[in-house]
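A.B. asks: You'll find input-v7.txt just under this line, and it carries compact mmCIF, C-alpha atoms and all ligand atoms.
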# COMPACT_ATOMS: atom_id res chain seq x y z
CA MET A 1 -22.74 25.41 -15.05
CA PRO A 2 -23.36 25.19 -18.82
CA SER A 3 -23.80 21.75 -20.30
CA ALA A 4 -20.72 20.43 -22.08
CA THR A 5 -22.52 17.83 -24.20
CA LYS A 6 -21.32 19.37 -27.45
CA ARG A 7 -17.66 19.30 -26.49
CA LYS A 8 -15.45 16.47 -27.61
CA LYS A 9 -14.67 14.36 -24.58
CA LYS A 10 -11.29 12.86 -23.80
CA GLY A 11 -12.57 9.40 -22.97
CA ARG A 12 -14.47 7.62 -20.25
CA VAL A 13 -13.79 8.05 -16.58
CA PHE A 14 -15.05 5.68 -13.91
CA SER A 15 -15.29 6.30 -10.21
CA GLY A 16 -17.15 4.59 -7.44
CA ALA A 17 -18.01 5.55 -3.89
CA ARG A 18 -19.54 3.56 -1.08
CA PRO A 19 -23.06 4.56 -0.07
CA THR A 20 -22.33 6.53 3.05
CA GLY A 21 -25.57 8.51 3.05
CA ARG A 22 -25.68 12.26 3.41
CA GLN A 23 -22.35 13.64 2.35
CA HIS A 24 -20.14 15.91 4.41
CA LEU A 25 -17.70 18.68 3.60
CA GLY A 26 -14.87 16.18 3.32
CA ASN A 27 -16.76 14.25 0.62
CA TYR A 28 -17.71 17.49 -1.07
CA LEU A 29 -14.23 19.00 -1.26
CA GLY A 30 -12.48 15.67 -1.69
CA ALA A 31 -14.62 13.99 -4.34
CA ILE A 32 -17.92 15.53 -5.39
CA LYS A 33 -16.49 18.79 -6.72
CA ASN A 34 -14.05 16.78 -8.78
CA TYR A 35 -16.84 14.53 -10.06
CA VAL A 36 -18.77 17.56 -11.23
CA ALA A 37 -15.75 19.16 -12.91
CA LEU A 38 -14.72 15.97 -14.73
CA GLN A 39 -18.02 15.94 -16.61
CA ASP A 40 -16.79 18.81 -18.79
CA ASP A 41 -13.96 16.78 -20.25
CA TYR A 42 -14.95 13.13 -19.91
CA ASP A 43 -17.84 10.76 -20.32
CA CYS A 44 -18.31 9.90 -16.71
CA VAL A 45 -19.57 6.74 -15.06
CA TYR A 46 -20.21 7.24 -11.35
CA CYS A 47 -21.21 4.25 -9.33
CA ILE A 48 -22.60 3.86 -5.83
CA VAL A 49 -20.75 0.73 -4.83
CA ASP A 50 -23.18 -0.99 -2.50
CA LEU A 51 -21.62 -4.44 -3.02
CA HIS A 52 -18.28 -3.13 -1.86
CA ALA A 53 -19.99 -1.72 1.21
CA LEU A 54 -21.10 -5.20 2.24
CA THR A 55 -17.51 -6.12 3.08
CA THR A 56 -17.51 -3.88 6.12
CA LEU A 57 -21.14 -3.24 7.07
CA GLU A 58 -22.46 -4.63 10.32
CA THR A 59 -26.03 -4.04 9.21
CA THR A 60 -27.65 -3.32 5.85
CA GLU A 61 -30.85 -1.66 7.06
CA ASN A 62 -29.74 1.80 5.89
CA LEU A 63 -28.13 0.69 2.65
CA ARG A 64 -31.01 1.70 0.38
CA GLN A 65 -31.62 5.02 2.11
CA ASN A 66 -27.90 5.81 2.17
CA SER A 67 -27.66 5.18 -1.57
CA TYR A 68 -30.59 7.49 -2.15
CA GLU A 69 -29.21 10.27 0.08
CA MET A 70 -25.85 10.09 -1.63
CA ALA A 71 -27.46 10.24 -5.06
CA LEU A 72 -29.43 13.30 -3.96
CA ASP A 73 -26.24 15.03 -2.89
CA TRP A 74 -24.46 14.19 -6.14
CA LEU A 75 -27.34 15.42 -8.27
CA ALA A 76 -27.86 18.59 -6.29
CA ALA A 77 -24.12 19.31 -6.46
CA GLY A 78 -24.17 19.22 -10.25
CA ILE A 79 -23.92 15.68 -11.59
CA ARG A 80 -25.75 15.78 -14.92
CA PRO A 81 -27.57 12.47 -15.40
CA GLU A 82 -28.48 13.30 -18.99
CA GLU A 83 -24.75 12.95 -19.79
CA THR A 84 -23.22 11.09 -16.89
CA ILE A 85 -24.09 7.51 -16.09
CA MET A 86 -24.91 7.44 -12.41
CA PHE A 87 -26.08 4.15 -10.98
CA ILE A 88 -25.99 1.58 -8.23
CA GLN A 89 -23.40 -1.17 -8.53
CA SER A 90 -25.73 -4.05 -7.67
CA HIS A 91 -28.09 -3.06 -10.49
CA VAL A 92 -25.54 -4.40 -12.98
CA LEU A 93 -24.73 -7.88 -11.81
CA GLU A 94 -22.35 -8.52 -14.71
CA VAL A 95 -19.80 -7.00 -12.37
CA THR A 96 -20.00 -10.01 -10.09
CA GLU A 97 -19.38 -12.37 -13.00
CA LEU A 98 -16.39 -10.38 -14.18
CA HIS A 99 -15.15 -10.29 -10.60
CA THR A 100 -15.21 -14.09 -10.53
CA ILE A 101 -13.44 -14.37 -13.87
CA LEU A 102 -10.75 -11.84 -12.96
CA SER A 103 -10.17 -13.61 -9.67
CA MET A 104 -8.90 -16.59 -11.69
CA VAL A 105 -5.98 -14.54 -13.02
CA THR A 106 -5.18 -12.90 -9.68
CA PRO A 107 -2.52 -14.37 -7.39
CA LEU A 108 -3.81 -14.46 -3.83
CA GLY A 109 -0.54 -13.09 -2.43
CA LYS A 110 -0.98 -9.87 -4.38
CA LEU A 111 -4.28 -9.22 -2.66
CA THR A 112 -3.11 -9.93 0.85
CA ASP A 113 -0.05 -7.71 0.27
CA LEU A 114 -2.07 -4.62 -0.58
CA PRO A 115 -1.76 -1.96 2.16
CA THR A 116 -5.52 -1.36 2.16
CA PHE A 117 -6.20 -5.00 2.95
CA LYS A 118 -3.74 -4.93 5.82
CA GLU A 119 -5.38 -1.79 7.13
CA LYS A 120 -8.83 -3.41 7.01
CA VAL A 121 -7.50 -6.42 8.89
CA ARG A 122 -6.35 -4.03 11.60
CA GLN A 123 -9.65 -2.16 11.60
CA GLN A 124 -11.97 -5.19 11.75
CA PRO A 125 -10.04 -8.22 12.98
CA HIS A 126 -13.36 -9.85 13.88
CA ASN A 127 -14.58 -9.77 10.28
CA ILE A 128 -11.83 -10.63 7.80
CA ASN A 129 -14.18 -11.94 5.17
CA TYR A 130 -13.44 -13.35 1.74
CA GLY A 131 -15.04 -10.30 0.10
CA LEU A 132 -12.51 -8.08 1.81
CA VAL A 133 -9.65 -9.99 0.20
CA GLY A 134 -11.30 -9.79 -3.20
CA TYR A 135 -12.27 -6.12 -2.81
CA PRO A 136 -9.63 -4.89 -5.31
CA VAL A 137 -10.72 -7.52 -7.84
CA LEU A 138 -14.29 -6.26 -7.63
CA MET A 139 -12.93 -2.76 -8.02
CA ALA A 140 -10.96 -3.84 -11.09
CA ALA A 141 -14.12 -5.48 -12.48
CA ASP A 142 -16.02 -2.21 -12.01
CA ILE A 143 -13.41 -0.24 -13.88
CA VAL A 144 -12.88 -2.54 -16.83
CA LEU A 145 -16.51 -3.63 -17.24
CA TYR A 146 -17.40 -0.12 -18.39
CA LYS A 147 -14.38 0.19 -20.70
CA SER A 148 -12.99 3.03 -18.65
CA ASP A 149 -10.03 4.90 -20.09
CA ALA A 150 -9.06 6.64 -16.89
CA VAL A 151 -9.72 6.62 -13.18
CA PRO A 152 -9.18 9.62 -10.92
CA VAL A 153 -7.04 8.39 -8.05
CA GLY A 154 -5.38 9.95 -5.05
CA VAL A 155 -2.00 8.80 -3.77
CA ASP A 156 -3.49 6.17 -1.45
CA GLN A 157 -5.50 4.55 -4.25
CA GLN A 158 -2.60 4.27 -6.70
CA PRO A 159 -1.66 0.70 -5.71
CA HIS A 160 -5.24 -0.36 -6.43
CA LEU A 161 -5.20 1.10 -9.90
CA GLU A 162 -1.82 -0.40 -10.61
CA PHE A 163 -3.28 -3.68 -9.45
CA THR A 164 -6.19 -3.25 -11.90
CA ARG A 165 -3.74 -2.64 -14.72
CA GLU A 166 -1.86 -5.82 -13.83
CA VAL A 167 -5.06 -7.84 -13.73
CA VAL A 168 -6.03 -6.54 -17.15
CA ARG A 169 -2.61 -7.45 -18.55
CA SER A 170 -2.85 -10.91 -17.02
CA PHE A 171 -6.31 -11.51 -18.45
CA ASN A 172 -5.46 -10.20 -21.91
CA TYR A 173 -2.24 -12.25 -21.99
CA ARG A 174 -3.83 -15.41 -20.62
CA PHE A 175 -6.66 -15.36 -23.15
CA ASN A 176 -4.73 -13.76 -25.99
CA THR A 177 -7.09 -10.83 -26.34
CA GLN A 178 -7.15 -7.06 -26.08
CA CYS A 179 -10.77 -6.87 -25.01
CA LEU A 180 -10.09 -5.35 -21.60
CA ILE A 181 -8.72 -1.81 -21.49
CA GLU A 182 -5.82 -1.00 -19.20
CA PRO A 183 -7.07 2.17 -17.49
CA GLU A 184 -4.85 5.19 -17.15
CA MET A 185 -4.21 6.72 -13.80
CA LYS A 186 -5.61 10.23 -13.62
CA ALA A 187 -3.54 11.47 -10.70
CA THR A 188 -5.80 13.68 -8.66
CA GLU A 189 -5.23 15.62 -5.52
CA PHE A 190 -7.96 14.84 -3.04
CA PRO A 191 -7.60 17.39 -0.28
CA LYS A 192 -7.67 15.82 3.15
CA VAL A 193 -10.35 17.63 5.08
CA LEU A 194 -10.10 17.50 8.85
CA GLY A 195 -13.13 17.17 11.06
CA ILE A 196 -14.36 19.68 13.59
CA ASP A 197 -11.92 18.16 16.09
CA GLY A 198 -9.15 19.62 13.94
CA VAL A 199 -7.14 16.40 14.23
CA GLN A 200 -8.72 13.50 12.37
CA LYS A 201 -9.99 13.25 8.83
CA MET A 202 -13.63 14.30 8.59
CA SER A 203 -15.75 11.22 8.92
CA LYS A 204 -19.27 10.28 9.88
CA SER A 205 -18.12 7.41 12.05
CA LEU A 206 -16.04 9.83 14.13
CA ASN A 207 -18.95 12.25 14.32
CA ASN A 208 -16.61 15.10 13.51
CA HIS A 209 -18.34 16.00 10.25
CA ILE A 210 -20.46 18.80 8.84
CA GLU A 211 -23.13 17.61 6.42
CA ILE A 212 -23.48 19.66 3.28
CA ALA A 213 -27.26 19.25 3.44
CA ALA A 214 -27.45 20.40 7.06
CA THR A 215 -29.66 23.39 7.85
CA PRO A 216 -27.94 26.78 8.22
CA GLU A 217 -28.54 26.54 11.98
CA GLU A 218 -27.00 23.08 12.23
CA THR A 219 -24.07 24.22 10.13
CA GLN A 220 -23.46 27.21 12.37
CA GLN A 221 -23.69 25.00 15.44
CA ARG A 222 -21.11 22.55 14.09
CA VAL A 223 -18.77 25.32 12.97
CA MET A 224 -18.94 26.93 16.41
CA GLN A 225 -17.79 23.59 17.89
CA MET A 226 -14.66 23.53 15.72
CA VAL A 227 -11.33 23.27 17.47
CA THR A 228 -9.03 26.16 16.58
CA ASP A 229 -5.35 26.91 17.23
CA PRO A 230 -4.84 25.08 20.56
CA GLN A 231 -2.24 27.64 21.65
CA ARG A 232 -4.78 30.44 21.48
CA MET A 233 -6.36 30.25 24.93
CA ARG A 234 -7.70 33.78 25.30
CA ARG A 235 -9.19 36.29 22.90
CA THR A 236 -6.14 38.52 23.42
CA ASP A 237 -3.65 35.77 22.48
CA PRO A 238 -2.33 35.99 18.92
CA GLY A 239 -3.23 32.88 16.91
CA ASN A 240 -1.65 30.89 14.14
CA PRO A 241 -4.04 30.29 11.23
CA ASP A 242 -1.61 27.81 9.68
CA VAL A 243 -2.53 25.24 12.32
CA CYS A 244 -6.23 26.08 12.45
CA ASN A 245 -8.81 24.03 10.58
CA VAL A 246 -11.26 26.94 10.58
CA PHE A 247 -8.76 28.87 8.50
CA THR A 248 -8.29 25.89 6.17
CA LEU A 249 -12.01 25.83 5.47
CA HIS A 250 -12.06 29.60 5.00
CA LYS A 251 -9.69 29.03 2.08
CA SER A 252 -12.38 26.94 0.35
CA PHE A 253 -15.45 28.98 1.20
CA SER A 254 -14.44 32.60 1.84
CA SER A 255 -13.25 35.31 -0.52
CA PRO A 256 -9.52 35.86 -1.05
CA GLU A 257 -9.84 39.22 0.71
CA GLU A 258 -11.45 37.62 3.76
CA VAL A 259 -8.80 34.90 3.85
CA ALA A 260 -6.00 37.47 3.61
CA ASN A 261 -7.61 39.55 6.33
CA ILE A 262 -7.96 36.62 8.75
CA ASN A 263 -4.40 35.58 8.03
CA VAL A 264 -3.24 38.97 9.29
CA GLU A 265 -5.77 39.69 12.02
CA CYS A 266 -5.57 36.27 13.67
CA ARG A 267 -1.82 36.65 14.14
CA ARG A 268 -2.21 39.93 15.98
CA ALA A 269 -5.38 38.98 17.88
CA GLY A 270 -7.34 41.48 15.80
CA ILE A 271 -10.10 38.95 15.25
CA GLY A 272 -11.50 36.49 17.77
CA CYS A 273 -12.25 32.86 17.02
CA VAL A 274 -15.97 33.33 17.61
CA ASP A 275 -16.22 36.01 14.93
CA CYS A 276 -13.95 34.04 12.63
CA LYS A 277 -16.18 30.99 12.93
CA LYS A 278 -19.36 33.01 12.47
CA LEU A 279 -17.95 34.34 9.22
CA LEU A 280 -17.08 30.82 8.08
CA ALA A 281 -20.58 29.56 8.92
CA LYS A 282 -22.13 32.46 7.02
CA ASN A 283 -19.97 31.86 3.95
CA LEU A 284 -20.53 28.12 4.06
CA ASN A 285 -24.27 28.59 4.22
CA GLU A 286 -24.16 31.04 1.34
CA HIS A 287 -22.00 28.73 -0.73
CA LEU A 288 -24.34 25.78 -0.14
CA ARG A 289 -27.63 27.66 -0.45
CA GLY A 290 -28.24 26.76 -4.12
CA PHE A 291 -27.19 23.18 -3.51
CA ARG A 292 -29.60 22.86 -0.60
CA GLN A 293 -32.47 24.31 -2.59
CA ARG A 294 -31.86 21.89 -5.46
CA ARG A 295 -31.57 19.01 -3.02
CA ALA A 296 -34.85 19.85 -1.33
CA GLU A 297 -36.48 20.11 -4.75
CA LEU A 298 -35.20 16.69 -5.79
CA ASP A 299 -36.18 15.18 -2.48
CA ARG A 300 -39.80 16.13 -3.10
CA ASN A 301 -39.92 13.43 -5.82
CA PRO A 302 -37.90 10.43 -4.68
CA ASP A 303 -39.28 8.34 -7.54
CA ASP A 304 -37.56 10.67 -10.01
CA VAL A 305 -34.24 10.12 -8.25
CA TRP A 306 -34.74 6.35 -8.39
CA ASP A 307 -35.66 6.68 -12.07
CA ILE A 308 -32.36 8.43 -12.68
CA LEU A 309 -30.48 5.67 -10.89
CA ASN A 310 -32.41 2.95 -12.72
CA GLU A 311 -31.92 4.61 -16.08
CA GLY A 312 -28.21 4.97 -15.30
CA GLY A 313 -28.17 1.28 -14.40
CA ALA A 314 -29.79 0.38 -17.72
CA ARG A 315 -27.22 2.40 -19.67
CA ALA A 316 -24.38 0.89 -17.64
CA LYS A 317 -25.80 -2.59 -18.23
CA ARG A 318 -25.71 -2.15 -21.98
CA ILE A 319 -21.99 -1.40 -21.85
CA ALA A 320 -21.44 -4.22 -19.38
CA GLN A 321 -23.23 -6.80 -21.52
CA ALA A 322 -21.19 -5.88 -24.59
CA THR A 323 -17.97 -6.23 -22.56
CA MET A 324 -19.04 -9.58 -21.18
CA GLN A 325 -19.78 -10.88 -24.66
CA GLU A 326 -16.20 -10.10 -25.60
CA VAL A 327 -14.93 -11.66 -22.38
CA HIS A 328 -16.93 -14.83 -22.98
CA ALA A 329 -15.64 -15.05 -26.54
CA ALA A 330 -12.04 -14.51 -25.45
CA ILE A 331 -12.24 -17.23 -22.82
CA GLY A 332 -14.23 -19.58 -25.02
CA LEU A 333 -17.14 -19.93 -22.64
CA PRO A 334 -19.95 -21.72 -24.39
S1 LIG B 401 -9.07 33.58 14.54
FE1 LIG B 401 -9.78 32.11 13.05
S2 LIG B 401 -7.93 31.33 12.08
FE2 LIG B 401 -7.32 32.32 13.99
S3 LIG B 401 -7.24 30.65 15.48
FE3 LIG B 401 -9.25 31.63 15.64
S4 LIG B 401 -10.56 30.45 14.30
FE4 LIG B 401 -8.46 29.97 13.76
Before we go any further, please render this structure as structure tokens.

C.D. replies:
Amino acid sequence: MPSATKRKKKGRVFSGARPTGRQHLGNYLGAIKNYVALQDDYDCVYCIVDLHALTTLETTENLRQNSYEMALDWLAAGIRPEETIMFIQSHVLEVTELHTILSMVTPLGKLTDLPTFKEKVRQQPHNINYGLVGYPVLMAADIVLYKSDAVPVGVDQQPHLEFTREVVRSFNYRFNTQCLIEPEMKATEFPKVLGIDGVQKMSKSLNNHIEIAATPEETQQRVMQMVTDPQRMRRTDPGNPDVCNVFTLHKSFSSPEEVANINVECRRAGIGCVDCKKLLAKNLNEHLRGFRQRRAELDRNPDDVWDILNEGGARAKRIAQATMQEVHAAIGLP
């Protein structure tokens, strides 16, 4: 993709993702492709939010490696570090200070009312930690620390962004300042990608995922395990592609002609699921070939990847320090 450095950008976009290690097709279709595309129109700040991850992790032994693997995937997929600031959240500790300050203008009830908090309480009743309650405040600190104009959000994240906007208004009102920017919501459709079980959202923890950096053989193996139309028991039964996750993925990775053909042939049992899956695996592997080559190339020099993350952290820190100077001045901190 040609560099868009010369084009006038529309503002700064911020987005963060927890370090989940090697990315899967759900991450790729749901976030990474969007990250790459946004670079053409915005100055982008993409953050690996390792501090956020601490709220739910049972162990931190893979944290560093997971951050590295995720960075590799982002870079190989087309994040351009010469333009985009890509960094690790904990490298810019100003975020923790801003988190503390913003927490002073945040009513506790607002945090405990957020649907995501309630969901986490359900998911990990044994570990309802303080950080979990303050999670959206840390998220707000991330966004406003880097003077972000917009944040790409899906439907489920909209309450969080609205919360950030409220926190900004509260802070600016309380300290009679305009130093924090109220970020715009960049409504984005994040396609929900189902796992190979065809039922639940693709996720590592459910082990229903297909890694984008998998080998062609591994990819084929995972695709062949995919659940198809449950009503199609025999090869001679007509199928319904509308309820088949294999067909859904074909729409992202196969040509329009192939998709149209499967749509017809599946319904009249003209194509079997085995052949349909083989075609998907082939197209997936072709689609990801360049990505995998770039990833392997990058992985040969891990120090270079860390340099990119460190350099991104240094650039992010410069913005963060300028923001914190304004925040200090607004509050009157000595
Ligand atoms: S032929 Fe393809 S689209 Fe139809 S049920 Fe089988 S795998 Fe799904």

A.B. asks: Give the residues close to ligand LIG 401 (chain B), within 6 Å, counting all atoms listed in the file; write them as JSON, numbers by chain.

C.D. replies: {"A": [228, 229, 239, 240, 241, 244, 246, 247, 266, 271, 272, 273, 276, 277]}

A.B. asks: For Glu119 in chain A, find every residue with an atom within 12 Å (counting only C-alpha atoms), except residues of its own chain fewer than 6 positions away, and show them as a list in words.

C.D. replies: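 Once the adjacent positions are removed, what remains is Thr112, Asp113, Pro125, Ile128, Leu132, Val133 and Asp156 of chain A.
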
A.B. asks: Expressed in Å to a single decimal, how great is the separation between CA of Asp275 in chain A and CA of Ile210 in chain A?

C.D. replies: 18.7 Å

A.B. asks: Looking at only C-alpha atoms, which of A:Glu61, A:Asp73, A:Glu94, A:Asp149 is the one that sits closest to Lys10 in chain A?

C.D. replies: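 When distances to Lys10 in chain A are compared using only C-alpha atoms, the smallest one comes from A:Asp149.
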
A.B. asks: Pick from A:Pro238, A:Pro216, A:Gly332, A:Gly131: nearest to Lys282 in chain A, with all atoms listed in the file counted?

C.D. replies: A:Pro216
